[in-house]
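**Student:** Mind having a look at this structure? Questions to follow.
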Amino acid sequence: MARRHEDRKPGQRFARGAKKGPSKKGPSKKGTAKKAPGKKAPTKRAPTGKPAPRTSTTRAGGSRRRAAGIVVTPAKSIGAEAVQDGKVRLNHFLAKAGICSRRNADELIAGGRVEVNGERVTELGVRVDPDVDDVRFDGARLEPEKAVYVLLNKPKGIVCTNARHEVKKRVVDLLPQIRGRIFTVGRLDLESEGLILVTNDGAFAQEMTHPRYGVSKLYTVLVRGRLEDKDLDKARGGVWLAEGPTSGMQISIGKLGKDRTFLKVTLREGKNREIRRVFAKLGHPVISLKRVRIGNLNLHGLGDGDWRFLQLDEVAALRDLARSEAAEAADAPPPARRAPPRPSGPKHQPKKPDSRKLSRPQTGGRKPSRPGGAGRKPAAGRARTTRKR
């Protein structure tokens, strides 16, 4: 029976087309002693204590994969993001080569650390041909990297950042076999766990995270307290946060207890720590949160900290799902704008109308003055004098 990709270990590839044949030592002679049935040869183990990954066989003329995992190799083309004439912006080329992000690439270009065809470039907006031009950074020639798509099960205590000064362990530290610059698609906070995508393809990350595409993500959530129907209706309809109202979430109750409630929450547009902030505002703080599905990808076969490369058909299915969701959202009518909630309290109570002003007749014109100027107040700073006759 063919083995499925869920059975393989991280960084391991199954052998294809391997044929059984005589060993290099030659055929065994008759009369040689056979091995005892109960004894097995000791297996070689890696320095970390885990069994060493198997090396995969390749077809004739192909390159061998490294035993530690798949190493990202340079590609001949920069991908589908290139413009029609085959040229791309220099900062985009540096990002594809794994040097840094596009924003940081502008600083490197302005600092004079990049050369194109032997000439130092300091002007932003320069476009280069990845297949023809010779681009160098600090004297080293650069080539665009092949796109990488990884599905990882993030455990608790791991942060989703690429900052070099970060003290805590990062998600990218769990992928030492992958060379070049990679980053997480979206984020999970320190105490959250579950599925997260890691890639070096910025267009793919945009399609997976932008609210216009609305790729669904399923979470299992444990909150404190017993949720009432009114709280569920508020969370489903949307809650007003500091940056505006939420778009609402799909919620189904898994188990309802006296002091705890198990939920399944589906989000299509996620703000920063949205689930935790929404339930905290409703008076039910989140105890644990785990992302168990992204689109049509799930946690099957991935333990804590395990990862695997996505197949090409899985990446294509995710992108088709994102584009179909964007098309449906474009055809749907725009939602009605909701006004922010009015603050309540004694300071914000409306003022009661003055009964004296309401009883006074409305003239509609200028207030009539009293005859002889009686009742007028003297101007400020002047003394009132009486005239003797």
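We name chains A, B, ... following the order of the structure tokens; residues begin at 1 in each chain, and ligands are numbered from 1 as shown.
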Excluding Glu228 of chain A and any residue of its chain fewer than 4 positions from it, enumerate the residues within 10 Å of it, using only C-alpha atoms, and give them as a PyMOL selection string.
**Tutor:** chain A and resi 232-233+256
**Student:** As a VMD selection string, please: every residue in segment 169-332 of chain A that a backbone DSSP assignment puts in strand (DSSP E or B).
**Tutor:** chain A and resid 170 183 to 185 193 to 199 217 to 224 240 to 241 244 to 245 250 to 256 260 to 267 286 to 294 297 to 298 307 to 309
**Student:** So that I can check the surroundings of Val116 of chain A, please list as a list of chain:residue names every protein, DNA and RNA residue that reaches within 9 Å of it, counting only C-alpha atoms and ignoring chain neighbours fewer than 6 positions away.
**Tutor:**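 The contact residues come out as A:Val128, A:Asp133, A:Asp134, A:Val135, A:Arg136.
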**Student:** Using DSSP on the backbone, list every residue of segment 95-137 of chain A that comes out as alpha helix (DSSP H), and give them as a ChimeraX atom specification.
**Tutor:** /A:95-96,102-110
**Student:** Suppose we keep N, CA and C atoms; can you now write the selection as a PDB file, in the first residue's frame?
**Tutor:**
ATOM      1  N   ALA A  95      14.199  41.249  -1.747  1.00  0.00           N
ATOM      2  CA  ALA A  95      13.333  40.462  -0.867  1.00  0.00           C
ATOM      3  C   ALA A  95      13.217  39.029  -1.359  1.00  0.00           C
ATOM      4  N   LYS A  96      13.138  38.825  -2.674  1.00  0.00           N
ATOM      5  CA  LYS A  96      13.052  37.480  -3.223  1.00  0.00           C
ATOM      6  C   LYS A  96      14.359  36.711  -3.041  1.00  0.00           C
ATOM      7  N   ARG A 102      11.043  44.295   1.787  1.00  0.00           N
ATOM      8  CA  ARG A 102      11.115  45.384   0.798  1.00  0.00           C
ATOM      9  C   ARG A 102      11.397  46.727   1.460  1.00  0.00           C
ATOM     10  N   ARG A 103      10.791  46.947   2.620  1.00  0.00           N
ATOM     11  CA  ARG A 103      10.996  48.230   3.301  1.00  0.00           C
ATOM     12  C   ARG A 103      12.449  48.389   3.727  1.00  0.00           C
ATOM     13  N   ASN A 104      13.030  47.333   4.277  1.00  0.00           N
ATOM     14  CA  ASN A 104      14.438  47.419   4.670  1.00  0.00           C
ATOM     15  C   ASN A 104      15.364  47.439   3.461  1.00  0.00           C
ATOM     16  N   ALA A 105      14.902  46.875   2.330  1.00  0.00           N
ATOM     17  CA  ALA A 105      15.724  46.900   1.124  1.00  0.00           C
ATOM     18  C   ALA A 105      15.911  48.319   0.614  1.00  0.00           C
ATOM     19  N   ASP A 106      14.913  49.176   0.777  1.00  0.00           N
ATOM     20  CA  ASP A 106      15.075  50.580   0.363  1.00  0.00           C
ATOM     21  C   ASP A 106      16.189  51.260   1.151  1.00  0.00           C
ATOM     22  N   GLU A 107      16.319  50.930   2.421  1.00  0.00           N
ATOM     23  CA  GLU A 107      17.392  51.519   3.222  1.00  0.00           C
ATOM     24  C   GLU A 107      18.766  51.014   2.762  1.00  0.00           C
ATOM     25  N   LEU A 108      18.848  49.742   2.394  1.00  0.00           N
ATOM     26  CA  LEU A 108      20.120  49.206   1.910  1.00  0.00           C
ATOM     27  C   LEU A 108      20.513  49.837   0.583  1.00  0.00           C
ATOM     28  N   ILE A 109      19.519  50.059  -0.285  1.00  0.00           N
ATOM     29  CA  ILE A 109      19.814  50.682  -1.581  1.00  0.00           C
ATOM     30  C   ILE A 109      20.281  52.116  -1.380  1.00  0.00           C
ATOM     31  N   ALA A 110      19.566  52.863  -0.527  1.00  0.00           N
ATOM     32  CA  ALA A 110      19.957  54.253  -0.282  1.00  0.00           C
ATOM     33  C   ALA A 110      21.326  54.338   0.384  1.00  0.00           C
TER      34      ALA A 110
END
**Student:** Which residues come within 7 Å of segment 212-218 of chain A, counting only C-alpha atoms, excluding same-chain residues fewer than 3 positions away, as a list in words?
**Tutor:**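 So the residues in contact are Glu207, Met208, Lys264, Val265, Thr266, Leu267, Arg268, Glu269, Arg291, Val292, Arg293, Ile294, Gly295, Ala322, Arg323, Glu325 and Ala326 of chain A.
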**Student:** Between A:Leu297, A:Val278, A:Ala97, A:Val114, which has the minimum distance to Leu310 of chain A (counting only C-alpha atoms)?
**Tutor:**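 So, comparing all the options, the nearest one is A:Leu297.
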**Student:** Contacts of Gly254 of chain A at 10 Å or less, counting only C-alpha atoms, minus same-chain residues fewer than 2 places along, as a list in words?
**Tutor:** Thr220, Val221, Leu222, Ile251, Ser252, Leu256, Thr261, Phe262, Leu263 and Lys264 of chain A
**Student:** Return the single residue from A:Val171, A:Ala235, A:Val88, A:Ala317 that is closest to Asp131 of chain A, with distances computed using only C-alpha atoms.
**Tutor:**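 Distance minimum relative to Asp131 of chain A lands on A:Val88.
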**Student:** Considering only C-alpha atoms, can you say which of A:Ser192, A:Thr122, A:Asn162, A:Asn200 comes closest to Val148 of chain A?
**Tutor:**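 Closest to Val148 of chain A, using only C-alpha atoms: A:Asn200.
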**Student:** Rounded to one decimal place, report the atom CA of Gly186 of chain A-atom CA of Phe204 of chain A distance in Å.
**Tutor:**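 Computing it gives 11.5 Å between the two atoms.
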**Student:** Show which residues sit within 10 Å of Val132 of chain A, as a list of chain:residue names. Count only C-alpha atoms, and ignore same-chain residues fewer than 6 positions away.
**Tutor:**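 The contact residues come out as A:Gly86, A:Lys87, A:Asn117.
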**Student:** Residues of the last selection are to be written out with C-alpha atoms, as a compact mmCIF listing (two decimals), in the first residue's frame.
**Tutor:**
# COMPACT_ATOMS: atom_id res chain seq x y z
CA GLY A 86 10.48 40.80 -17.40
CA LYS A 87 11.82 43.46 -15.00
CA ASN A 117 26.06 45.36 -13.37
**Student:** Kindly indicate which residue among A:Leu302, A:Leu227, A:Val286, A:Leu321 lies nearest to Pro155 of chain A, using only C-alpha atoms for the distances.
**Tutor:**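 Of the candidates, the smallest distance to Pro155 of chain A is held by A:Leu302.
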